[in-house]
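Asker: Below you'll find the structure I mean.
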Amino acid sequence: MTGENTYTALLEEHRDRIYRMCCCYVRDPELRKDAFQQVLIHLWQNLDSFEGRSQLGTWVYRITVNTCLGLLQKEHRRNRIFLPNGDLSEELVATFRTDEPDDHEEDLRLMYACINDLPPLDRTLISLYL
């Protein structure tokens, strides 16, 4: 199987998991898109270095987490902003509430906003469960 075929198969199997992990670590939608794209680039660039000492899913998970954390550190240094780990503010909750109870997208956004307020270990456990 060629590198391109391997990469395509890897994406088909892990794309949703990668995106969910990005959602758990990166709050800002635009920054999340950047994180997702960077993960895909890192997977492509490092596919030849995968030695098979762990499962492919574990390798993808580590690259995803490391990429997201690296991006957040870069963004933190650039903006000099500390992302709060406290309770979800009412302002944030109000941002994601809608009058339509069946609005699935808004429910997902609120869920990810709540997950993002968890400590890092809890975020990771929730994302693995999801």
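Naming scheme: A, B, ... for chains in displayed order of the structure tokens; residues 1 onward per chain; ligands 1 onward as shown.
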Give me the residues within 6 Å of stretch 113-117 of chain A as JSON, numbers by chain, counting only C-alpha atoms and dropping any in the same chain fewer than 2 places off.
Answerer: {"A": [24, 85, 110, 111, 123]}
Asker: List the neighbours of A:Cys22 out to 7 Å using only C-alpha atoms; skip same-chain residues closer than 5 positions along the sequence, and give me the result as a list of chain:residue names.
Answerer: A:Arg32, A:Ala35, A:Phe36, A:Cys68
Asker: Tell me which of A:Pro29, A:Thr6, A:Gln73, A:Thr64 sits closest to A:Asp48, counting only C-alpha atoms.
Answerer: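 Smallest separation from A:Asp48 among the options: A:Thr6.
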Asker: Which residue out of A:Leu128, A:Asp107, A:Trp59, A:Asp122 has the minimum interatomic distance to A:Leu10 when only C-alpha atoms are used?
Answerer: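 Between A:Leu128, A:Asp107, A:Trp59, A:Asp122, the residue approaching A:Leu10 most closely is A:Trp59.
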Asker: Pick the closest to A:Arg17 from A:Gln38, A:Ser49, A:Thr58, A:Asn66: which is it, counting only C-alpha atoms?
Answerer: A:Thr58
Asker: From the list A:Gly57, A:Thr67, A:Glu4, A:Leu72, which residue is nearest A:Gln37 when using only C-alpha atoms?
Answerer: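 For A:Gln37, the nearest of the given residues is A:Thr67.
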